[in-house]
>>> print(open('coords_11.cif').read())   # mmCIF, N, CA and C atoms
data_target
#
loop_
_atom_site.label_atom_id
_atom_site.label_comp_id
_atom_site.auth_asym_id
_atom_site.auth_seq_id
_atom_site.Cartn_x
_atom_site.Cartn_y
_atom_site.Cartn_z
N MET D 1 -40.37 47.81 60.26
CA MET D 1 -39.57 48.80 59.56
C MET D 1 -40.26 50.16 59.67
N SER D 2 -39.47 51.17 59.87
CA SER D 2 -39.99 52.51 60.00
C SER D 2 -40.50 53.01 58.65
N ASN D 3 -41.63 53.72 58.68
CA ASN D 3 -42.21 54.27 57.45
C ASN D 3 -41.35 55.37 56.84
N ILE D 4 -40.45 55.94 57.63
CA ILE D 4 -39.63 57.03 57.13
C ILE D 4 -38.73 56.58 55.98
N PHE D 5 -38.34 55.30 55.97
CA PHE D 5 -37.46 54.81 54.92
C PHE D 5 -38.20 54.16 53.76
N LEU D 6 -39.49 54.00 53.87
CA LEU D 6 -40.25 53.33 52.83
C LEU D 6 -40.20 54.07 51.49
N LEU D 7 -40.47 55.37 51.50
CA LEU D 7 -40.48 56.14 50.27
C LEU D 7 -39.11 56.18 49.59
N PRO D 8 -38.03 56.49 50.31
CA PRO D 8 -36.71 56.46 49.65
C PRO D 8 -36.38 55.09 49.06
N MET D 9 -36.75 54.03 49.74
CA MET D 9 -36.48 52.69 49.22
C MET D 9 -37.28 52.42 47.96
N LYS D 10 -38.51 52.87 47.94
CA LYS D 10 -39.35 52.68 46.75
C LYS D 10 -38.82 53.49 45.57
N ILE D 11 -38.37 54.71 45.85
CA ILE D 11 -37.81 55.54 44.78
C ILE D 11 -36.55 54.90 44.23
N ARG D 12 -35.69 54.41 45.11
CA ARG D 12 -34.45 53.74 44.69
C ARG D 12 -34.78 52.49 43.87
N HIS D 13 -35.78 51.75 44.31
CA HIS D 13 -36.18 50.53 43.60
C HIS D 13 -36.73 50.87 42.22
N LEU D 14 -37.57 51.92 42.13
CA LEU D 14 -38.11 52.34 40.84
C LEU D 14 -37.00 52.78 39.91
N ASP D 15 -36.03 53.53 40.44
CA ASP D 15 -34.88 53.97 39.65
C ASP D 15 -34.11 52.77 39.10
N SER D 16 -33.87 51.80 39.96
CA SER D 16 -33.14 50.60 39.56
C SER D 16 -33.90 49.81 38.50
N LEU D 17 -35.20 49.66 38.71
CA LEU D 17 -36.04 48.95 37.75
C LEU D 17 -36.06 49.65 36.40
N PHE D 18 -36.23 50.97 36.43
CA PHE D 18 -36.29 51.73 35.18
C PHE D 18 -34.95 51.69 34.45
N GLU D 19 -33.85 51.82 35.20
CA GLU D 19 -32.52 51.76 34.58
C GLU D 19 -32.28 50.40 33.92
N LYS D 20 -32.71 49.34 34.59
CA LYS D 20 -32.56 48.00 34.04
C LYS D 20 -33.34 47.86 32.74
N LYS D 21 -34.58 48.36 32.75
CA LYS D 21 -35.42 48.29 31.54
C LYS D 21 -34.81 49.10 30.40
N VAL D 22 -34.30 50.28 30.72
CA VAL D 22 -33.67 51.14 29.70
C VAL D 22 -32.47 50.42 29.10
N ASN D 23 -31.62 49.85 29.95
CA ASN D 23 -30.44 49.13 29.47
C ASN D 23 -30.82 47.96 28.57
N GLU D 24 -31.79 47.16 29.02
CA GLU D 24 -32.23 46.01 28.23
C GLU D 24 -32.79 46.46 26.88
N TYR D 25 -33.61 47.48 26.91
CA TYR D 25 -34.28 47.96 25.69
C TYR D 25 -33.26 48.54 24.70
N LEU D 26 -32.38 49.40 25.20
CA LEU D 26 -31.38 50.00 24.31
C LEU D 26 -30.44 48.96 23.72
N THR D 27 -30.03 48.01 24.55
CA THR D 27 -29.12 46.96 24.08
C THR D 27 -29.79 46.13 22.99
N LYS D 28 -31.04 45.77 23.23
CA LYS D 28 -31.77 44.94 22.27
C LYS D 28 -32.11 45.71 20.99
N GLU D 29 -32.62 46.92 21.13
CA GLU D 29 -33.13 47.66 19.98
C GLU D 29 -32.06 48.41 19.19
N VAL D 30 -31.05 48.92 19.88
CA VAL D 30 -30.08 49.80 19.22
C VAL D 30 -28.64 49.29 19.32
N GLY D 31 -28.36 48.47 20.34
CA GLY D 31 -27.01 47.94 20.51
C GLY D 31 -26.08 48.82 21.31
N ILE D 32 -26.65 49.71 22.13
CA ILE D 32 -25.83 50.54 23.02
C ILE D 32 -26.37 50.41 24.45
N THR D 33 -25.55 50.83 25.41
CA THR D 33 -25.98 50.80 26.81
C THR D 33 -26.57 52.15 27.20
N ALA D 34 -27.19 52.18 28.37
CA ALA D 34 -27.77 53.44 28.87
C ALA D 34 -26.68 54.48 29.08
N SER D 35 -25.53 54.07 29.60
CA SER D 35 -24.45 55.05 29.82
C SER D 35 -23.91 55.58 28.48
N GLN D 36 -23.84 54.72 27.47
CA GLN D 36 -23.43 55.19 26.14
C GLN D 36 -24.46 56.17 25.59
N PHE D 37 -25.74 55.89 25.83
CA PHE D 37 -26.78 56.82 25.38
C PHE D 37 -26.62 58.17 26.07
N MET D 38 -26.33 58.16 27.37
CA MET D 38 -26.18 59.42 28.10
C MET D 38 -24.99 60.22 27.56
N ILE D 39 -23.92 59.54 27.19
CA ILE D 39 -22.78 60.24 26.60
C ILE D 39 -23.19 60.83 25.25
N LEU D 40 -23.86 60.05 24.42
CA LEU D 40 -24.34 60.57 23.13
C LEU D 40 -25.27 61.75 23.33
N PHE D 41 -26.16 61.65 24.33
CA PHE D 41 -27.10 62.72 24.64
C PHE D 41 -26.35 64.00 25.00
N GLY D 42 -25.35 63.88 25.87
CA GLY D 42 -24.58 65.05 26.28
C GLY D 42 -23.88 65.71 25.10
N VAL D 43 -23.27 64.90 24.25
CA VAL D 43 -22.55 65.45 23.09
C VAL D 43 -23.53 66.00 22.06
N PHE D 44 -24.69 65.36 21.92
CA PHE D 44 -25.73 65.84 20.99
C PHE D 44 -26.22 67.22 21.42
N LYS D 45 -26.46 67.39 22.72
CA LYS D 45 -27.00 68.65 23.23
C LYS D 45 -25.95 69.75 23.27
N CYS D 46 -24.70 69.38 23.47
CA CYS D 46 -23.64 70.38 23.61
C CYS D 46 -22.36 69.85 22.97
N ASP D 47 -22.25 70.02 21.68
CA ASP D 47 -21.10 69.55 20.93
C ASP D 47 -19.82 70.17 21.49
N GLY D 48 -18.79 69.38 21.59
CA GLY D 48 -17.52 69.89 22.07
C GLY D 48 -17.31 69.74 23.57
N LEU D 49 -18.07 68.86 24.21
CA LEU D 49 -17.88 68.61 25.64
C LEU D 49 -16.58 67.84 25.87
N SER D 50 -15.99 68.06 27.02
CA SER D 50 -14.80 67.29 27.38
C SER D 50 -15.21 66.03 28.12
N GLN D 51 -14.30 65.06 28.16
CA GLN D 51 -14.55 63.82 28.91
C GLN D 51 -14.80 64.14 30.38
N LYS D 52 -14.05 65.10 30.90
CA LYS D 52 -14.17 65.49 32.31
C LYS D 52 -15.58 66.05 32.59
N THR D 53 -16.09 66.87 31.71
CA THR D 53 -17.43 67.44 31.88
C THR D 53 -18.49 66.36 31.83
N ILE D 54 -18.35 65.44 30.90
CA ILE D 54 -19.30 64.33 30.79
C ILE D 54 -19.29 63.50 32.06
N ALA D 55 -18.10 63.17 32.55
CA ALA D 55 -17.98 62.38 33.77
C ALA D 55 -18.66 63.09 34.94
N SER D 56 -18.46 64.39 35.03
CA SER D 56 -19.06 65.17 36.10
C SER D 56 -20.58 65.15 36.03
N HIS D 57 -21.13 65.35 34.83
CA HIS D 57 -22.58 65.35 34.65
C HIS D 57 -23.20 63.99 34.91
N LEU D 58 -22.51 62.93 34.51
CA LEU D 58 -23.03 61.57 34.69
C LEU D 58 -22.73 61.02 36.09
N LYS D 59 -21.90 61.76 36.84
CA LYS D 59 -21.52 61.35 38.19
C LYS D 59 -20.84 59.98 38.22
N ILE D 60 -19.93 59.81 37.25
CA ILE D 60 -19.10 58.60 37.21
C ILE D 60 -17.64 59.03 37.01
N THR D 61 -16.74 58.11 37.24
CA THR D 61 -15.32 58.46 37.16
C THR D 61 -14.89 58.77 35.72
N GLU D 62 -13.86 59.57 35.63
CA GLU D 62 -13.32 59.90 34.30
C GLU D 62 -12.80 58.66 33.59
N SER D 63 -12.24 57.71 34.36
CA SER D 63 -11.72 56.50 33.73
C SER D 63 -12.86 55.65 33.16
N ALA D 64 -14.00 55.61 33.84
CA ALA D 64 -15.16 54.87 33.32
C ALA D 64 -15.68 55.52 32.04
N VAL D 65 -15.75 56.84 32.04
CA VAL D 65 -16.18 57.57 30.85
C VAL D 65 -15.18 57.37 29.73
N SER D 66 -13.92 57.40 30.06
CA SER D 66 -12.86 57.24 29.07
C SER D 66 -12.98 55.89 28.35
N ARG D 67 -13.25 54.83 29.11
CA ARG D 67 -13.41 53.50 28.50
C ARG D 67 -14.61 53.48 27.56
N GLN D 68 -15.72 54.05 28.01
CA GLN D 68 -16.93 54.10 27.17
C GLN D 68 -16.65 54.90 25.89
N ILE D 69 -16.02 56.03 26.05
CA ILE D 69 -15.74 56.90 24.90
C ILE D 69 -14.79 56.20 23.93
N GLU D 70 -13.79 55.53 24.46
CA GLU D 70 -12.85 54.79 23.60
C GLU D 70 -13.60 53.79 22.73
N ASN D 71 -14.51 53.04 23.34
CA ASN D 71 -15.32 52.08 22.57
C ASN D 71 -16.19 52.78 21.54
N MET D 72 -16.75 53.93 21.91
CA MET D 72 -17.64 54.65 21.00
C MET D 72 -16.88 55.30 19.84
N VAL D 73 -15.63 55.67 20.09
CA VAL D 73 -14.78 56.19 19.02
C VAL D 73 -14.44 55.05 18.05
N LYS D 74 -14.13 53.87 18.61
CA LYS D 74 -13.77 52.71 17.78
C LYS D 74 -14.90 52.29 16.85
N VAL D 75 -16.15 52.34 17.34
CA VAL D 75 -17.27 51.93 16.48
C VAL D 75 -17.79 53.07 15.61
N GLY D 76 -17.22 54.27 15.79
CA GLY D 76 -17.54 55.37 14.89
C GLY D 76 -18.70 56.25 15.32
N TYR D 77 -19.06 56.25 16.62
CA TYR D 77 -20.15 57.10 17.09
C TYR D 77 -19.66 58.50 17.48
N LEU D 78 -18.42 58.56 17.96
CA LEU D 78 -17.84 59.82 18.43
C LEU D 78 -16.50 60.06 17.76
N GLU D 79 -16.15 61.33 17.69
CA GLU D 79 -14.81 61.71 17.28
C GLU D 79 -14.21 62.55 18.40
N ARG D 80 -12.94 62.34 18.64
CA ARG D 80 -12.25 63.02 19.74
C ARG D 80 -11.19 63.92 19.13
N GLN D 81 -11.15 65.15 19.62
CA GLN D 81 -10.16 66.12 19.14
C GLN D 81 -9.51 66.81 20.33
N VAL D 82 -8.30 67.26 20.12
CA VAL D 82 -7.61 68.03 21.16
C VAL D 82 -8.29 69.40 21.25
N ASN D 83 -8.57 69.82 22.47
CA ASN D 83 -9.18 71.13 22.70
C ASN D 83 -8.16 72.21 22.36
N PRO D 84 -8.48 73.09 21.40
CA PRO D 84 -7.51 74.12 21.03
C PRO D 84 -7.21 75.11 22.17
N ASP D 85 -8.13 75.23 23.14
CA ASP D 85 -7.93 76.13 24.27
C ASP D 85 -7.15 75.49 25.42
N ASN D 86 -7.12 74.15 25.42
CA ASN D 86 -6.41 73.41 26.48
C ASN D 86 -5.91 72.11 25.86
N ARG D 87 -4.68 72.09 25.43
CA ARG D 87 -4.15 70.96 24.65
C ARG D 87 -4.08 69.66 25.45
N ARG D 88 -4.24 69.72 26.77
CA ARG D 88 -4.24 68.50 27.58
C ARG D 88 -5.64 67.86 27.63
N GLU D 89 -6.61 68.51 27.06
CA GLU D 89 -8.01 68.05 27.15
C GLU D 89 -8.54 67.66 25.77
N HIS D 90 -9.37 66.63 25.75
CA HIS D 90 -10.02 66.22 24.51
C HIS D 90 -11.48 66.66 24.54
N ILE D 91 -11.97 67.10 23.39
CA ILE D 91 -13.39 67.42 23.26
C ILE D 91 -14.01 66.42 22.29
N LEU D 92 -15.29 66.22 22.45
CA LEU D 92 -15.98 65.18 21.69
C LEU D 92 -17.02 65.76 20.75
N GLY D 93 -17.19 65.09 19.64
CA GLY D 93 -18.23 65.44 18.68
C GLY D 93 -18.89 64.17 18.17
N LEU D 94 -20.14 64.30 17.78
CA LEU D 94 -20.86 63.17 17.20
C LEU D 94 -20.48 63.02 15.74
N THR D 95 -20.31 61.79 15.31
CA THR D 95 -20.15 61.51 13.89
C THR D 95 -21.55 61.39 13.29
N THR D 96 -21.64 61.27 11.99
CA THR D 96 -22.94 61.05 11.34
C THR D 96 -23.56 59.76 11.86
N LYS D 97 -22.74 58.74 12.00
CA LYS D 97 -23.22 57.45 12.53
C LYS D 97 -23.71 57.61 13.97
N GLY D 98 -22.96 58.37 14.77
CA GLY D 98 -23.34 58.60 16.16
C GLY D 98 -24.66 59.36 16.27
N ARG D 99 -24.85 60.35 15.42
CA ARG D 99 -26.10 61.13 15.41
C ARG D 99 -27.28 60.22 15.05
N LYS D 100 -27.06 59.35 14.07
CA LYS D 100 -28.12 58.42 13.64
C LYS D 100 -28.48 57.46 14.78
N VAL D 101 -27.47 56.91 15.45
CA VAL D 101 -27.70 55.99 16.56
C VAL D 101 -28.39 56.71 17.71
N PHE D 102 -27.98 57.95 17.99
CA PHE D 102 -28.62 58.71 19.07
C PHE D 102 -30.10 58.91 18.78
N ILE D 103 -30.44 59.33 17.58
CA ILE D 103 -31.84 59.57 17.22
C ILE D 103 -32.65 58.27 17.29
N GLU D 104 -32.07 57.19 16.81
CA GLU D 104 -32.73 55.87 16.89
C GLU D 104 -32.95 55.46 18.35
N ALA D 105 -31.94 55.68 19.18
CA ALA D 105 -32.05 55.33 20.61
C ALA D 105 -33.09 56.19 21.30
N GLU D 106 -33.13 57.47 20.98
CA GLU D 106 -34.11 58.38 21.58
C GLU D 106 -35.53 57.94 21.23
N GLU D 107 -35.75 57.57 19.98
CA GLU D 107 -37.06 57.09 19.55
C GLU D 107 -37.41 55.78 20.26
N SER D 108 -36.45 54.89 20.40
CA SER D 108 -36.67 53.63 21.10
C SER D 108 -37.01 53.86 22.56
N LEU D 109 -36.33 54.82 23.18
CA LEU D 109 -36.60 55.11 24.59
C LEU D 109 -37.99 55.70 24.80
N LEU D 110 -38.43 56.51 23.87
CA LEU D 110 -39.79 57.05 23.97
C LEU D 110 -40.82 55.92 23.89
N GLU D 111 -40.56 54.97 23.02
CA GLU D 111 -41.42 53.80 22.89
C GLU D 111 -41.40 52.96 24.17
N MET D 112 -40.20 52.73 24.72
CA MET D 112 -40.08 51.97 25.95
C MET D 112 -40.76 52.67 27.12
N GLU D 113 -40.60 53.98 27.19
CA GLU D 113 -41.21 54.77 28.25
C GLU D 113 -42.73 54.67 28.18
N GLU D 114 -43.24 54.73 26.98
CA GLU D 114 -44.70 54.60 26.78
C GLU D 114 -45.19 53.24 27.30
N LYS D 115 -44.45 52.19 27.00
CA LYS D 115 -44.81 50.85 27.48
C LYS D 115 -44.70 50.76 29.00
N PHE D 116 -43.64 51.36 29.55
CA PHE D 116 -43.40 51.31 30.99
C PHE D 116 -44.54 51.99 31.75
N PHE D 117 -45.01 53.13 31.24
CA PHE D 117 -46.05 53.89 31.92
C PHE D 117 -47.46 53.53 31.46
N ALA D 118 -47.60 52.50 30.65
CA ALA D 118 -48.93 52.09 30.16
C ALA D 118 -49.87 51.68 31.29
N ILE D 119 -49.30 51.30 32.42
CA ILE D 119 -50.09 50.90 33.58
C ILE D 119 -50.85 52.11 34.17
N LEU D 120 -50.35 53.31 33.88
CA LEU D 120 -50.97 54.54 34.37
C LEU D 120 -51.83 55.17 33.28
N SER D 121 -52.83 55.92 33.71
CA SER D 121 -53.64 56.68 32.74
C SER D 121 -52.80 57.86 32.24
N LYS D 122 -53.24 58.50 31.19
CA LYS D 122 -52.53 59.68 30.66
C LYS D 122 -52.43 60.76 31.74
N GLU D 123 -53.52 60.96 32.48
CA GLU D 123 -53.55 61.96 33.54
C GLU D 123 -52.58 61.60 34.67
N GLU D 124 -52.54 60.33 35.06
CA GLU D 124 -51.62 59.89 36.10
C GLU D 124 -50.16 60.07 35.66
N THR D 125 -49.89 59.76 34.41
CA THR D 125 -48.54 59.93 33.88
C THR D 125 -48.15 61.41 33.91
N LYS D 126 -49.07 62.27 33.52
CA LYS D 126 -48.82 63.71 33.54
C LYS D 126 -48.57 64.18 34.97
N GLN D 127 -49.38 63.72 35.92
CA GLN D 127 -49.21 64.09 37.33
C GLN D 127 -47.85 63.59 37.85
N PHE D 128 -47.51 62.36 37.50
CA PHE D 128 -46.23 61.79 37.93
C PHE D 128 -45.07 62.64 37.45
N ARG D 129 -45.11 63.02 36.18
CA ARG D 129 -44.04 63.84 35.61
C ARG D 129 -43.96 65.19 36.32
N ASN D 130 -45.13 65.81 36.55
CA ASN D 130 -45.16 67.11 37.22
C ASN D 130 -44.61 67.02 38.64
N ILE D 131 -45.01 66.00 39.37
CA ILE D 131 -44.53 65.82 40.75
C ILE D 131 -43.03 65.54 40.74
N LEU D 132 -42.58 64.71 39.84
CA LEU D 132 -41.15 64.39 39.74
C LEU D 132 -40.35 65.66 39.44
N ASN D 133 -40.80 66.44 38.47
CA ASN D 133 -40.11 67.69 38.13
C ASN D 133 -40.08 68.65 39.31
N LYS D 134 -41.19 68.74 40.03
CA LYS D 134 -41.25 69.62 41.20
C LYS D 134 -40.26 69.17 42.27
N LEU D 135 -40.20 67.87 42.53
CA LEU D 135 -39.26 67.35 43.54
C LEU D 135 -37.81 67.56 43.12
N LEU D 136 -37.54 67.44 41.85
CA LEU D 136 -36.16 67.59 41.35
C LEU D 136 -35.68 69.03 41.33
N GLN D 137 -36.60 69.98 41.47
CA GLN D 137 -36.22 71.40 41.46
C GLN D 137 -35.69 71.88 42.80
N GLN D 138 -35.78 71.03 43.81
CA GLN D 138 -35.32 71.43 45.16
C GLN D 138 -33.83 71.64 45.19
#
>>> encode(input="coords_11.cif", output="C-alpha cells")
Amino acid sequence: MSNIFLLPMKIRHLDSLFEKKVNEYLTKEVGITASQFMILFGVFKCDGLSQKTIASHLKITESAVSRQIENMVKVGYLERQVNPDNRREHILGLTTKGRKVFIEAEESLLEMEEKFFAILSKEETKQFRNILNKLLQQ
C-alpha cells in the first residue's frame, strides 16, 4: 500500500473511533446522540437557527435534521417557532430542559475527552490540539 494514503486513512479511522466513543458516552451518560448534541450546541450558541442552517452546518440532509428535531421537540429539549421574517421557515430555541441537557452533555463530553486523551501527556495533548487547529485553518 502506498504511504500517501496512510495518513488520510488513519485520520478517518481516528474520526470514526472518536465519533463512536462520543455516541456511546452521550447515550449512556445523558441519553442523547452525538447528532442531537450537535443540534443542541448549534441552538445554544446561536438561538433562533433554522433547520436549514443546522443541516448545512452539520453537513446532513434537512430531512435527517428534521427527524432529529421532531424527536427533540417531543421530549421537550427544543421549541420550534415560525420565523417572523420568513413564514415558511421554522427557527429553534432551547427549552429549560434542553439547556440543562446540553450543559450536562457538554460536561460529560469533557470527561470523556479527558479519558480518551489520557494515553497522551498534557504536552502531547496540547500539541495535538494545536496541530489539529492549524490543519483545520487551511
>>> residues_around(input="coords_11.cif", residues="D:Ser35", least_positions_apart="3", cutoff="9 Å", atoms="only C-alpha atoms", output="VMD selection string")
chain D and resid 23 32 38 to 40 58 65 68
>>> closest_residue(input="coords_11.cif", among="D:Val22, D:Val82, D:Leu92, D:Leu135", to="D:Ser108", atoms="only C-alpha atoms")
D:Val22
>>> resolve_selection(input="coords_11.cif", expression="the PyMOL selection byres ((chain D and resi 69-76) around 8)", output="PyMOL selection string")
chain D and resi 36+39+63-68+77-80+94-99
>>> atom_distance(input="coords_11.cif", atom1="atom CA of D:Gln81", atom2="atom CA of D:Ser50")
9.5 Å
>>> residues_around(input="coords_11.cif", residues="D:Thr53", least_positions_apart="2", cutoff="12 Å", atoms="only C-alpha atoms", output="PyMOL selection string")
chain D and resi 39+42-43+46-51+55-62+65-66+89-92
>>> write_last_selection(input="coords_11.cif", atoms="N, CA and C atoms", output="short mmCIF file (atom, residue, chain, number, x, y, z; two decimals), in the frame of the given file")
data_model
loop_
_atom_site.label_atom_id
_atom_site.label_comp_id
_atom_site.auth_asym_id
_atom_site.auth_seq_id
_atom_site.Cartn_x
_atom_site.Cartn_y
_atom_site.Cartn_z
N ILE D 39 -23.92 59.54 27.19
CA ILE D 39 -22.78 60.24 26.60
C ILE D 39 -23.19 60.83 25.25
N GLY D 42 -25.35 63.88 25.87
CA GLY D 42 -24.58 65.05 26.28
C GLY D 42 -23.88 65.71 25.10
N VAL D 43 -23.27 64.90 24.25
CA VAL D 43 -22.55 65.45 23.09
C VAL D 43 -23.53 66.00 22.06
N CYS D 46 -24.70 69.38 23.47
CA CYS D 46 -23.64 70.38 23.61
C CYS D 46 -22.36 69.85 22.97
N ASP D 47 -22.25 70.02 21.68
CA ASP D 47 -21.10 69.55 20.93
C ASP D 47 -19.82 70.17 21.49
N GLY D 48 -18.79 69.38 21.59
CA GLY D 48 -17.52 69.89 22.07
C GLY D 48 -17.31 69.74 23.57
N LEU D 49 -18.07 68.86 24.21
CA LEU D 49 -17.88 68.61 25.64
C LEU D 49 -16.58 67.84 25.87
N SER D 50 -15.99 68.06 27.02
CA SER D 50 -14.80 67.29 27.38
C SER D 50 -15.21 66.03 28.12
N GLN D 51 -14.30 65.06 28.16
CA GLN D 51 -14.55 63.82 28.91
C GLN D 51 -14.80 64.14 30.38
N ALA D 55 -18.10 63.17 32.55
CA ALA D 55 -17.98 62.38 33.77
C ALA D 55 -18.66 63.09 34.94
N SER D 56 -18.46 64.39 35.03
CA SER D 56 -19.06 65.17 36.10
C SER D 56 -20.58 65.15 36.03
N HIS D 57 -21.13 65.35 34.83
CA HIS D 57 -22.58 65.35 34.65
C HIS D 57 -23.20 63.99 34.91
N LEU D 58 -22.51 62.93 34.51
CA LEU D 58 -23.03 61.57 34.69
C LEU D 58 -22.73 61.02 36.09
N LYS D 59 -21.90 61.76 36.84
CA LYS D 59 -21.52 61.35 38.19
C LYS D 59 -20.84 59.98 38.22
N ILE D 60 -19.93 59.81 37.25
CA ILE D 60 -19.10 58.60 37.21
C ILE D 60 -17.64 59.03 37.01
N THR D 61 -16.74 58.11 37.24
CA THR D 61 -15.32 58.46 37.16
C THR D 61 -14.89 58.77 35.72
N GLU D 62 -13.86 59.57 35.63
CA GLU D 62 -13.32 59.90 34.30
C GLU D 62 -12.80 58.66 33.59
N VAL D 65 -15.75 56.84 32.04
CA VAL D 65 -16.18 57.57 30.85
C VAL D 65 -15.18 57.37 29.73
N SER D 66 -13.92 57.40 30.06
CA SER D 66 -12.86 57.24 29.07
C SER D 66 -12.98 55.89 28.35
N GLU D 89 -6.61 68.51 27.06
CA GLU D 89 -8.01 68.05 27.15
C GLU D 89 -8.54 67.66 25.77
N HIS D 90 -9.37 66.63 25.75
CA HIS D 90 -10.02 66.22 24.51
C HIS D 90 -11.48 66.66 24.54
N ILE D 91 -11.97 67.10 23.39
CA ILE D 91 -13.39 67.42 23.26
C ILE D 91 -14.01 66.42 22.29
N LEU D 92 -15.29 66.22 22.45
CA LEU D 92 -15.98 65.18 21.69
C LEU D 92 -17.02 65.76 20.75
#
>>> atom_distance(input="coords_11.cif", atom1="atom CA of D:Ile11", atom2="atom CA of D:Leu132")
10.7 Å
>>> closest_atom_pairs(input="coords_11.cif", of="stretch 85-108 of chain D", to="stretch 25-28 of chain D", cutoff="10 Å", atoms="only C-alpha atoms", output="tab-separated table")
residue	atom	partner	partner_atom	distance
D:Glu104	CA	D:Leu26	CA	9.6
D:Ala105	CA	D:Leu26	CA	6.5
D:Glu106	CA	D:Leu26	CA	9.2
D:Ser108	CA	D:Leu26	CA	7.2
>>> select_by_dssp(input="coords_11.cif", residues="stretch 3-75 of chain D", states="helix (DSSP H, G or I)", output="ChimeraX atom specification")
/D:3-29,34-45,51-58,62-74
>>> atom_distance(input="coords_11.cif", atom1="atom C of D:Lys100", atom2="atom N of D:Val30")
10.3 Å
>>> axis_aligned_box(input="coords_11.cif", around="stretch 8-20 of chain D", padding_each_side="5 Å", output="lines of an AutoDock Vina configuration file")
center_x = -35.8
center_y = 52.2
center_z = 41.5
size_x = 17.1
size_y = 18.6
size_z = 27.6
>>> select_by_dssp(input="coords_11.cif", residues="chain D", states="strand (DSSP E)", output="PDB file with N, CA and C atoms, keeping the file's coordinate frame")
ATOM      1  N   LEU D  49     -18.070  68.860  24.210  1.00  0.00           N
ATOM      2  CA  LEU D  49     -17.880  68.610  25.640  1.00  0.00           C
ATOM      3  C   LEU D  49     -16.580  67.840  25.870  1.00  0.00           C
ATOM      4  N   SER D  50     -15.990  68.060  27.020  1.00  0.00           N
ATOM      5  CA  SER D  50     -14.800  67.290  27.380  1.00  0.00           C
ATOM      6  C   SER D  50     -15.210  66.030  28.120  1.00  0.00           C
ATOM      7  N   LEU D  78     -18.420  58.560  17.960  1.00  0.00           N
ATOM      8  CA  LEU D  78     -17.840  59.820  18.430  1.00  0.00           C
ATOM      9  C   LEU D  78     -16.500  60.060  17.760  1.00  0.00           C
ATOM     10  N   GLU D  79     -16.150  61.330  17.690  1.00  0.00           N
ATOM     11  CA  GLU D  79     -14.810  61.710  17.280  1.00  0.00           C
ATOM     12  C   GLU D  79     -14.210  62.550  18.400  1.00  0.00           C
ATOM     13  N   ARG D  80     -12.940  62.340  18.640  1.00  0.00           N
ATOM     14  CA  ARG D  80     -12.250  63.020  19.740  1.00  0.00           C
ATOM     15  C   ARG D  80     -11.190  63.920  19.130  1.00  0.00           C
ATOM     16  N   GLN D  81     -11.150  65.150  19.620  1.00  0.00           N
ATOM     17  CA  GLN D  81     -10.160  66.120  19.140  1.00  0.00           C
ATOM     18  C   GLN D  81      -9.510  66.810  20.330  1.00  0.00           C
ATOM     19  N   VAL D  82      -8.300  67.260  20.120  1.00  0.00           N
ATOM     20  CA  VAL D  82      -7.610  68.030  21.160  1.00  0.00           C
ATOM     21  C   VAL D  82      -8.290  69.400  21.250  1.00  0.00           C
ATOM     22  N   ASN D  83      -8.570  69.820  22.470  1.00  0.00           N
ATOM     23  CA  ASN D  83      -9.180  71.130  22.700  1.00  0.00           C
ATOM     24  C   ASN D  83      -8.160  72.210  22.360  1.00  0.00           C
ATOM     25  N   ASN D  86      -7.120  74.150  25.420  1.00  0.00           N
ATOM     26  CA  ASN D  86      -6.410  73.410  26.480  1.00  0.00           C
ATOM     27  C   ASN D  86      -5.910  72.110  25.860  1.00  0.00           C
ATOM     28  N   ARG D  87      -4.680  72.090  25.430  1.00  0.00           N
ATOM     29  CA  ARG D  87      -4.150  70.960  24.650  1.00  0.00           C
ATOM     30  C   ARG D  87      -4.080  69.660  25.450  1.00  0.00           C
ATOM     31  N   ARG D  88      -4.240  69.720  26.770  1.00  0.00           N
ATOM     32  CA  ARG D  88      -4.240  68.500  27.580  1.00  0.00           C
ATOM     33  C   ARG D  88      -5.640  67.860  27.630  1.00  0.00           C
ATOM     34  N   GLU D  89      -6.610  68.510  27.060  1.00  0.00           N
ATOM     35  CA  GLU D  89      -8.010  68.050  27.150  1.00  0.00           C
ATOM     36  C   GLU D  89      -8.540  67.660  25.770  1.00  0.00           C
ATOM     37  N   HIS D  90      -9.370  66.630  25.750  1.00  0.00           N
ATOM     38  CA  HIS D  90     -10.020  66.220  24.510  1.00  0.00           C
ATOM     39  C   HIS D  90     -11.480  66.660  24.540  1.00  0.00           C
ATOM     40  N   ILE D  91     -11.970  67.100  23.390  1.00  0.00           N
ATOM     41  CA  ILE D  91     -13.390  67.420  23.260  1.00  0.00           C
ATOM     42  C   ILE D  91     -14.010  66.420  22.290  1.00  0.00           C
ATOM     43  N   LEU D  92     -15.290  66.220  22.450  1.00  0.00           N
ATOM     44  CA  LEU D  92     -15.980  65.180  21.690  1.00  0.00           C
ATOM     45  C   LEU D  92     -17.020  65.760  20.750  1.00  0.00           C
ATOM     46  N   GLY D  93     -17.190  65.090  19.640  1.00  0.00           N
ATOM     47  CA  GLY D  93     -18.230  65.440  18.680  1.00  0.00           C
ATOM     48  C   GLY D  93     -18.890  64.170  18.170  1.00  0.00           C
ATOM     49  N   LEU D  94     -20.140  64.300  17.780  1.00  0.00           N
ATOM     50  CA  LEU D  94     -20.860  63.170  17.200  1.00  0.00           C
ATOM     51  C   LEU D  94     -20.480  63.020  15.740  1.00  0.00           C
TER      52      LEU D  94
END
